file query_32.csv (CSV, C-alpha atoms and all ligand atoms)
chain,number,residue,atom,x,y,z
A,1,MET,CA,89.1,110.3,98.9
A,2,PRO,CA,92.4,110.0,100.8
A,3,GLU,CA,94.9,107.5,99.4
A,4,LEU,CA,98.5,106.7,100.4
A,5,PRO,CA,100.0,110.2,99.7
A,6,GLU,CA,97.2,112.0,101.6
A,7,VAL,CA,97.4,109.6,104.6
A,8,GLU,CA,101.2,110.0,104.6
A,9,THR,CA,100.8,113.8,104.5
A,10,THR,CA,98.3,113.6,107.4
A,11,VAL,CA,100.7,111.5,109.4
A,12,ARG,CA,103.5,114.0,108.9
A,13,ASP,CA,101.3,116.9,109.6
A,14,LEU,CA,100.0,115.4,112.9
A,15,ARG,CA,103.4,114.4,114.3
A,16,PRO,CA,104.5,117.8,115.6
A,17,HIS,CA,101.1,118.4,117.2
A,18,LEU,CA,100.6,115.0,118.8
A,19,ILE,CA,103.9,113.3,119.7
A,20,GLY,CA,104.3,113.5,123.4
A,21,ARG,CA,100.7,114.5,124.1
A,22,THR,CA,98.7,112.6,126.6
A,23,ILE,CA,95.0,111.9,126.1
A,24,GLN,CA,93.0,113.3,129.1
A,25,ARG,CA,89.4,112.7,128.0
A,26,ALA,CA,87.6,111.1,125.1
A,27,ALA,CA,84.1,111.5,123.7
A,28,VAL,CA,82.4,109.6,120.9
A,29,THR,CA,79.4,111.2,119.4
A,30,TRP,CA,78.8,108.8,116.5
A,31,ASP,CA,79.2,105.2,117.9
A,32,ARG,CA,79.9,103.5,114.6
A,33,THR,CA,83.1,105.5,114.0
A,34,VAL,CA,84.7,103.4,116.7
A,35,ALA,CA,85.0,99.8,115.3
A,36,HIS,CA,86.8,98.4,118.4
A,37,PRO,CA,86.3,98.2,121.3
A,38,ALA,CA,82.7,99.2,122.1
A,39,PRO,CA,82.5,103.0,122.2
A,40,ASN,CA,82.0,103.1,126.0
A,41,ALA,CA,85.0,101.0,126.6
A,42,PHE,CA,87.1,103.0,124.1
A,43,LYS,CA,86.3,106.3,125.9
A,44,LYS,CA,87.6,104.8,129.2
A,45,GLU,CA,90.5,102.8,127.9
A,46,ILE,CA,92.2,105.4,125.8
A,47,VAL,CA,92.5,108.0,128.6
A,48,GLY,CA,96.0,108.3,130.2
A,49,TYR,CA,97.9,107.2,127.1
A,50,THR,CA,100.7,109.3,125.6
A,51,ILE,CA,101.1,109.3,121.9
A,52,THR,CA,104.7,108.2,121.2
A,53,GLY,CA,104.7,107.7,117.5
A,54,ILE,CA,102.6,108.0,114.3
A,55,THR,CA,103.1,105.9,111.2
A,56,ARG,CA,101.2,104.9,108.1
A,57,ARG,CA,100.4,101.4,106.8
A,58,GLY,CA,98.6,101.4,103.5
A,59,LYS,CA,95.8,103.9,104.0
A,60,TYR,CA,95.7,103.4,107.8
A,61,LEU,CA,97.2,105.8,110.4
A,62,VAL,CA,98.9,103.9,113.2
A,63,PHE,CA,99.3,105.8,116.5
A,64,ALA,CA,101.6,104.1,119.1
A,65,LEU,CA,100.3,104.7,122.6
A,66,GLU,CA,102.2,104.2,125.9
A,67,LYS,CA,101.3,104.7,129.5
A,68,GLN,CA,104.0,105.1,132.1
A,69,PRO,CA,104.0,102.5,134.8
A,70,GLY,CA,103.4,105.2,137.4
A,71,ALA,CA,100.3,106.5,135.7
A,72,GLN,CA,97.0,105.8,137.5
A,73,LEU,CA,94.6,103.3,135.8
A,74,ARG,CA,95.5,99.7,135.1
A,75,GLN,CA,98.7,100.0,137.2
A,76,ALA,CA,98.0,97.3,139.7
A,77,ARG,CA,96.9,94.9,137.0
A,78,ASP,CA,99.9,95.6,134.8
A,79,ARG,CA,102.3,95.0,137.8
A,80,ARG,CA,100.7,91.7,138.5
A,81,ALA,CA,100.8,90.7,134.8
A,82,ALA,CA,104.4,91.9,134.5
A,83,TYR,CA,105.5,90.0,137.6
A,84,ALA,CA,103.8,86.9,136.2
A,85,ALA,CA,105.6,87.2,132.9
A,86,GLN,CA,108.9,88.2,134.5
A,87,GLN,CA,109.1,91.3,132.3
A,88,PRO,CA,109.1,95.0,133.1
A,89,ALA,CA,105.7,96.6,133.1
A,90,LEU,CA,105.0,98.2,129.7
A,91,ASP,CA,101.6,99.3,128.8
A,92,SER,CA,101.5,100.0,125.1
A,93,ARG,CA,98.6,99.9,122.7
A,94,PHE,CA,97.8,101.2,119.2
A,95,LEU,CA,95.1,103.5,117.9
A,96,ILE,CA,94.4,102.8,114.2
A,97,VAL,CA,92.4,105.1,112.0
A,98,HIS,CA,91.1,104.7,108.5
A,99,LEU,CA,89.9,108.0,107.0
A,100,ARG,CA,87.9,106.2,104.3
A,101,MET,CA,86.1,108.8,102.1
A,102,THR,CA,85.9,112.0,104.1
A,103,GLY,CA,87.7,111.6,107.5
A,104,GLN,CA,89.8,114.6,108.6
A,105,PHE,CA,91.5,115.6,111.8
A,106,GLY,CA,91.3,119.1,113.3
A,107,PHE,CA,92.5,120.8,116.5
A,108,HIS,CA,90.0,122.9,118.4
A,109,GLU,CA,89.5,124.8,121.6
A,110,PRO,CA,87.3,122.5,123.8
A,111,ARG,CA,84.9,125.3,124.5
A,112,VAL,CA,84.1,125.7,120.8
A,113,LYS,CA,80.8,124.0,120.1
A,114,ARG,CA,81.2,120.6,118.3
A,115,ASP,CA,79.6,120.4,114.9
A,116,LYS,CA,77.5,117.5,113.8
A,117,HIS,CA,80.1,116.1,111.5
A,118,GLN,CA,82.7,115.7,114.3
A,119,HIS,CA,82.4,112.2,115.7
A,120,VAL,CA,85.4,111.5,118.0
A,121,HIS,CA,87.0,114.0,120.4
A,122,LEU,CA,90.2,113.6,122.3
A,123,LEU,CA,91.1,116.2,124.9
A,124,LEU,CA,94.9,116.6,125.0
A,125,ASP,CA,97.2,117.7,127.9
A,126,ASP,CA,98.0,120.9,126.0
A,127,GLY,CA,94.4,122.0,126.4
A,128,ARG,CA,93.4,121.4,122.8
A,129,GLU,CA,90.9,118.9,121.5
A,130,LEU,CA,91.7,116.7,118.5
A,131,ARG,CA,88.4,116.1,116.6
A,132,PHE,CA,87.6,113.7,113.9
A,133,HIS,CA,85.4,115.3,111.2
A,134,ASP,CA,83.8,112.8,108.9
A,135,PHE,CA,80.9,114.0,106.7
A,136,ARG,CA,80.2,110.6,105.1
A,137,LYS,CA,80.8,108.6,108.4
A,138,PHE,CA,82.7,105.8,106.8
A,139,GLY,CA,85.9,106.5,108.7
A,140,ARG,CA,86.8,104.0,111.4
A,141,TRP,CA,88.9,103.9,114.6
A,142,TRP,CA,90.3,100.8,116.4
A,143,LEU,CA,92.1,100.7,119.8
A,144,VAL,CA,94.1,97.4,119.9
A,145,ASP,CA,97.0,95.7,121.5
A,146,ASN,CA,98.4,94.4,118.2
A,147,PRO,CA,98.1,96.5,115.0
A,148,GLU,CA,98.3,93.2,113.0
A,149,HIS,CA,94.7,92.6,114.0
A,150,VAL,CA,93.7,95.5,111.7
A,151,VAL,CA,96.4,95.8,109.1
A,152,GLY,CA,97.8,92.3,109.1
A,153,LYS,CA,96.3,91.3,105.7
A,154,LEU,CA,97.6,94.3,103.8
A,155,GLY,CA,100.0,93.7,100.9
A,156,PRO,CA,103.5,95.3,100.9
A,157,GLU,CA,104.1,99.1,100.8
A,158,PRO,CA,104.8,100.3,97.3
A,159,LEU,CA,107.6,102.5,98.4
A,160,ASP,CA,109.3,99.7,100.4
A,161,MET,CA,108.9,96.7,98.0
A,162,THR,CA,111.5,95.7,95.5
A,163,LYS,CA,110.8,95.4,91.8
A,164,ARG,CA,111.5,91.7,92.0
A,165,GLU,CA,108.9,91.3,94.8
A,166,PHE,CA,106.3,93.3,92.7
A,167,LEU,CA,106.9,91.1,89.7
A,168,LYS,CA,106.7,87.9,91.7
A,169,ARG,CA,103.4,89.0,93.3
A,170,LEU,CA,102.0,90.1,89.9
A,171,ARG,CA,102.8,86.8,88.3
A,172,ALA,CA,100.8,85.0,91.0
A,173,ARG,CA,97.6,86.9,90.3
A,174,ARG,CA,94.9,86.9,87.7
A,175,GLY,CA,92.4,89.4,86.5
A,176,HIS,CA,92.3,93.0,85.2
A,177,ILE,CA,95.3,95.1,86.2
A,178,LYS,CA,93.4,98.1,87.6
A,179,PRO,CA,91.2,96.2,90.1
A,180,LEU,CA,94.3,94.3,91.1
A,181,LEU,CA,96.1,97.5,91.9
A,182,LEU,CA,93.1,98.6,94.1
A,183,ASN,CA,93.2,95.3,96.0
A,184,GLN,CA,94.8,96.2,99.3
A,185,THR,CA,96.0,92.6,99.9
A,186,PHE,CA,98.0,92.8,96.6
A,187,ILE,CA,99.7,96.2,97.3
A,188,ALA,CA,98.8,98.6,100.1
A,189,GLY,CA,97.7,102.2,99.6
A,190,VAL,CA,96.8,102.4,95.9
A,191,GLY,CA,93.4,103.9,95.3
A,192,ASN,CA,91.4,105.0,92.3
A,193,ILE,CA,93.3,108.3,91.4
A,194,TYR,CA,96.8,106.9,91.7
A,195,ALA,CA,95.9,103.6,89.9
A,196,ASP,CA,94.8,105.6,86.9
A,197,GLU,CA,97.7,108.0,86.9
A,198,SER,CA,100.3,105.1,87.3
A,199,LEU,CA,98.7,103.1,84.4
A,200,TRP,CA,98.9,106.2,82.2
A,201,TYR,CA,102.6,106.7,82.9
A,202,ALA,CA,103.2,103.0,82.2
A,203,LYS,CA,101.0,103.1,79.1
A,204,ILE,CA,98.9,100.1,80.3
A,205,HIS,CA,95.2,99.9,79.6
A,206,PRO,CA,93.2,99.5,82.9
A,207,LEU,CA,91.5,96.3,81.6
A,208,ARG,CA,94.7,94.5,80.6
A,209,ASP,CA,95.0,91.0,82.0
A,210,ALA,CA,97.6,91.2,84.8
A,211,THR,CA,99.1,87.8,83.7
A,212,MET,CA,99.7,89.1,80.2
A,213,LEU,CA,101.9,92.1,81.1
A,214,THR,CA,105.4,91.8,79.8
A,215,ASP,CA,108.3,92.1,82.2
A,216,GLN,CA,109.0,95.5,80.7
A,217,GLU,CA,105.4,96.7,81.3
A,218,ALA,CA,105.4,95.3,84.8
A,219,SER,CA,108.7,97.1,85.5
A,220,ASP,CA,107.3,100.3,84.0
A,221,LEU,CA,104.2,100.0,86.2
A,222,TYR,CA,106.3,99.5,89.3
A,223,ASN,CA,108.4,102.6,88.5
A,224,ALA,CA,105.3,104.6,87.7
A,225,ILE,CA,103.5,103.8,91.0
A,226,ARG,CA,106.5,104.8,93.0
A,227,LYS,CA,107.1,108.0,90.9
A,228,VAL,CA,103.5,109.1,91.3
A,229,PHE,CA,103.5,108.4,95.0
A,230,ARG,CA,106.8,110.2,95.7
A,231,LYS,CA,105.7,113.2,93.7
A,232,ALA,CA,102.3,113.3,95.4
A,233,ILE,CA,103.7,113.0,98.9
A,234,GLY,CA,106.1,115.8,98.0
A,235,VAL,CA,103.3,118.3,97.4
A,236,GLY,CA,101.0,117.1,100.2
A,237,GLY,CA,98.7,114.9,98.2
A,238,THR,CA,95.7,115.6,96.0
A,239,SER,CA,92.8,117.9,97.1
A,240,PHE,CA,90.5,116.9,94.2
A,241,ASP,CA,87.0,117.3,95.6
A,242,ALA,CA,87.3,119.0,99.0
A,243,THR,CA,87.2,115.6,100.8
A,244,TYR,CA,90.8,116.0,101.7
A,245,LYS,CA,92.4,119.0,103.4
A,246,ARG,CA,95.6,119.2,105.3
A,247,ILE,CA,95.6,119.7,109.1
A,248,ASN,CA,96.4,123.5,108.7
A,249,GLY,CA,93.5,123.8,106.2
A,250,GLN,CA,95.8,124.0,103.2
A,251,SER,CA,95.0,121.9,100.1
A,252,GLY,CA,97.4,119.4,98.6
A,253,GLU,CA,98.8,120.3,95.2
A,254,PHE,CA,99.0,117.1,93.2
A,255,GLN,CA,95.7,117.9,91.4
A,256,GLU,CA,97.9,120.2,89.3
A,257,ASP,CA,99.9,117.2,88.2
A,258,LEU,CA,97.1,114.8,87.3
A,259,ARG,CA,97.6,113.4,83.8
A,260,VAL,CA,94.3,111.7,83.2
A,261,VAL,CA,92.0,111.8,86.3
A,262,GLY,CA,89.4,114.5,85.9
A,263,ARG,CA,90.4,115.2,82.3
A,264,ALA,CA,87.7,113.4,80.2
A,265,GLY,CA,87.7,114.8,76.7
A,266,GLU,CA,90.9,116.8,77.2
A,267,PRO,CA,93.9,116.1,75.1
A,268,CYS,CA,96.4,113.4,76.3
A,269,TYR,CA,99.7,115.1,77.5
A,270,ARG,CA,101.6,112.6,75.3
A,271,CYS,CA,99.6,112.2,72.1
A,272,GLU,CA,96.8,114.7,72.3
A,273,THR,CA,94.1,112.0,71.9
A,274,PRO,CA,91.1,113.0,74.0
A,275,ILE,CA,91.1,111.2,77.4
A,276,VAL,CA,88.3,108.7,77.9
A,277,LYS,CA,86.3,108.1,81.1
A,278,THR,CA,84.8,104.7,81.6
A,279,VAL,CA,83.9,102.4,84.5
A,280,VAL,CA,86.2,99.5,85.6
A,281,GLY,CA,85.1,97.4,88.6
A,282,GLN,CA,82.4,100.0,89.4
A,283,ARG,CA,85.0,102.8,89.7
A,284,GLY,CA,85.3,105.8,87.4
A,285,THR,CA,88.4,105.2,85.3
A,286,TYR,CA,90.4,107.6,83.1
A,287,TYR,CA,92.8,106.5,80.3
A,288,CYS,CA,94.2,107.5,76.9
A,289,PRO,CA,92.7,105.2,74.3
A,290,ASN,CA,95.8,105.7,72.1
A,291,CYS,CA,98.7,105.4,74.5
A,292,GLN,CA,97.1,102.7,76.7
A,293,THR,CA,96.0,99.9,74.3
A,294,ARG,CA,94.3,96.7,75.1
A,295,THR,CA,96.7,94.3,73.3
B,301,ZN,ZN,97.9,109.4,74.8

call {"tool": "encode", "arguments": {"input": "query_32.csv", "output": "structure tokens", "more": "lines below"}}
Ligand SMILES: [Zn+2]
result
Amino acid sequence: MPELPEVETTVRDLRPHLIGRTIQRAAVTWDRTVAHPAPNAFKKEIVGYTITGITRRGKYLVFALEKQPGAQLRQARDRRAAYAAQQPALDSRFLIVHLRMTGQFGFHEPRVKRDKHQHVHLLLDDGRELRFHDFRKFGRWWLVDNPEHVVGKLGPEPLDMTKREFLKRLRARRGHIKPLLLNQTFIAGVGNIYADESLWYAKIHPLRDATMLTDQEASDLYNAIRKVFRKAIGVGGTSFDATYKRINGQSGEFQEDLRVVGRAGEPCYRCETPIVKTVVGQRGTYYCPNCQTRT
């Protein structure tokens, strides 16, 4: 399941293909993939926009879209609105995509038959079709004027926040540390794999009470999260279970660096105690019962 490093890798992989491309036609073959607006409106409204930027916020991809004032549709309406507001006509919107469990982008020749797991299709002005492949169908797309409508409630980015900010936010929360790390309003982009890996590096048991962590432990956790994310981004993310592939079909390589995830019964890299798999907040959770203690 894609987490922050996989989404960041997807953003970086898409940029050279999509920046400057204009969307000429859109099709939606599984309505629920488009969360906003209604699929019929989405198909019409997105046509004519040029993709001018792609960024990541938490586990969301954010595509900046712009339409030149000279370009066909909406023109008259924009001019009137701009005149009324005494501002130059600028038609900009945002396409936001969450990959959820199995969402993937791919580029295809339009004449190649669509397969049943491809649910949104954007024909580009370079003749290729960008298709959204999503086996489990949990991925979601939004076309909005303001990205805050979708990503506004997310907590800070782990690679942008200061240690002081992390400590302050941690001190304001209760509950077990692992579910807190997975809470996207606390910190954005941490999912199941990277939460377990970070807690192992910081030697913190996933069921520790967040309020009971010492300043040193909280500091170690902050450093661990950032270290794990930087390293994972550097190798293109984790291709653990075939739900994540890079745009060119390559796998990420961070699965080679995993310290606990997927290693139940295997010796801890620090102390050689067998790694334990348990369930925390309904999520499979790996930890070392010797290095990561409850007290
Ligand atoms: Zn250990």

call {"tool": "residues_around", "arguments": {"input": "query_32.csv", "residues": "A:Thr33", "least_positions_apart": "5", "cutoff": "8 Å", "atoms": "all atoms listed in the file", "output": "list in words"}}
result
His119, Val120, Lys137, Phe138, Gly139, Arg140 and Trp141 of chain A

call {"tool": "residues_near_ligand", "arguments": {"input": "query_32.csv", "ligand": "ligand ZN 301 (chain B)", "cutoff": "10 Å", "atoms": "only C-alpha atoms and all ligand atoms", "output": "ChimeraX atom specification"}}
result
/A:200-201,203,259-260,267-275,287-293

call {"tool": "closest_atom_pairs", "arguments": {"input": "query_32.csv", "of": "stretch 173-204 of chain A", "to": "stretch 98-114 of chain A", "cutoff": "12 Å", "atoms": "all atoms listed in the file", "output": "tab-separated table"}}
result
residue	atom	partner	partner_atom	distance
A:Gly189	CA	A:His98	CA	11.4
A:Gly191	CA	A:Arg100	CA	10.8
A:Asn192	CA	A:Met101	CA	11.8

call {"tool": "atom_distance", "arguments": {"input": "query_32.csv", "atom1": "atom CA of A:Arg171", "atom2": "atom CA of A:Ala210"}}
result
7.7 Å

call {"tool": "atom_distance", "arguments": {"input": "query_32.csv", "atom1": "atom CA of A:Leu143", "atom2": "atom CA of A:Thr243"}}
result
24.6 Å

call {"tool": "closest_atom_pairs", "arguments": {"input": "query_32.csv", "of": "stretch 168-220 of chain A", "to": "stretch 52-68 of chain A", "cutoff": "9 Å", "atoms": "only C-alpha atoms", "output": "CSV"}}
result
residue,atom,partner,partner_atom,distance
A:Gln184,CA,A:Gly58,CA,7.7
A:Ile187,CA,A:Gly58,CA,8.2
A:Ala188,CA,A:Gly58,CA,4.4
A:Gly189,CA,A:Gly58,CA,4.1
A:Val190,CA,A:Gly58,CA,7.9

call {"tool": "atom_distance", "arguments": {"input": "query_32.csv", "atom1": "atom CA of A:Ile177", "atom2": "atom CA of A:Arg208"}}
result
5.7 Å

call {"tool": "residues_near_point", "arguments": {"input": "query_32.csv", "point": "(99.3, 110.7, 97.7)", "cutoff": "7 Å", "atoms": "only C-alpha atoms", "output": "list in words"}}
result
Glu3, Leu4, Pro5, Glu6, Phe229, Ala232, Ile233, Gly237 and Thr238 of chain A

call {"tool": "closest_residue", "arguments": {"input": "query_32.csv", "among": "A:Ser219, A:Leu181, A:Asp125, A:Phe135", "to": "A:Leu207", "atoms": "all atoms listed in the file"}}
result
A:Leu181

call {"tool": "residues_around", "arguments": {"input": "query_32.csv", "residues": "A:Arg164", "least_positions_apart": "6", "cutoff": "12 Å", "atoms": "all atoms listed in the file", "output": "list in words"}}
result
Leu170, Arg171, Asp215, Ala218, Ser219, Tyr222 and Asn223 of chain A

call {"tool": "closest_residue", "arguments": {"input": "query_32.csv", "among": "A:Ala38, A:Ile247, A:Pro2, A:Leu122", "to": "A:Ile51", "atoms": "all atoms listed in the file"}}
result
A:Leu122

call {"tool": "closest_residue", "arguments": {"input": "query_32.csv", "among": "A:Asp145, A:Phe166, A:Asp196, A:Gly252", "to": "A:Thr278", "atoms": "all atoms listed in the file"}}
result
A:Asp196

call {"tool": "residues_around", "arguments": {"input": "query_32.csv", "residues": "A:Asp220", "least_positions_apart": "5", "cutoff": "10 Å", "atoms": "all atoms listed in the file", "output": "CSV table (one decimal) with C-alpha atoms, in the coordinates of the input"}}
result
chain,number,residue,atom,x,y,z
A,163,LYS,CA,110.8,95.4,91.8
A,198,SER,CA,100.3,105.1,87.3
A,199,LEU,CA,98.7,103.1,84.4
A,201,TYR,CA,102.6,106.7,82.9
A,202,ALA,CA,103.2,103.0,82.2
A,203,LYS,CA,101.0,103.1,79.1
A,204,ILE,CA,98.9,100.1,80.3
A,214,THR,CA,105.4,91.8,79.8
A,215,ASP,CA,108.3,92.1,82.2
A,225,ILE,CA,103.5,103.8,91.0

call {"tool": "closest_residue", "arguments": {"input": "query_32.csv", "among": "A:Gln118, A:Lys227, A:His205, A:Asp91", "to": "A:Val276", "atoms": "only C-alpha atoms"}}
result
A:His205

call {"tool": "closest_residue", "arguments": {"input": "query_32.csv", "among": "A:Leu90, A:Leu123, A:Met1, A:Val97", "to": "A:Arg21", "atoms": "all atoms listed in the file"}}
result
A:Leu123
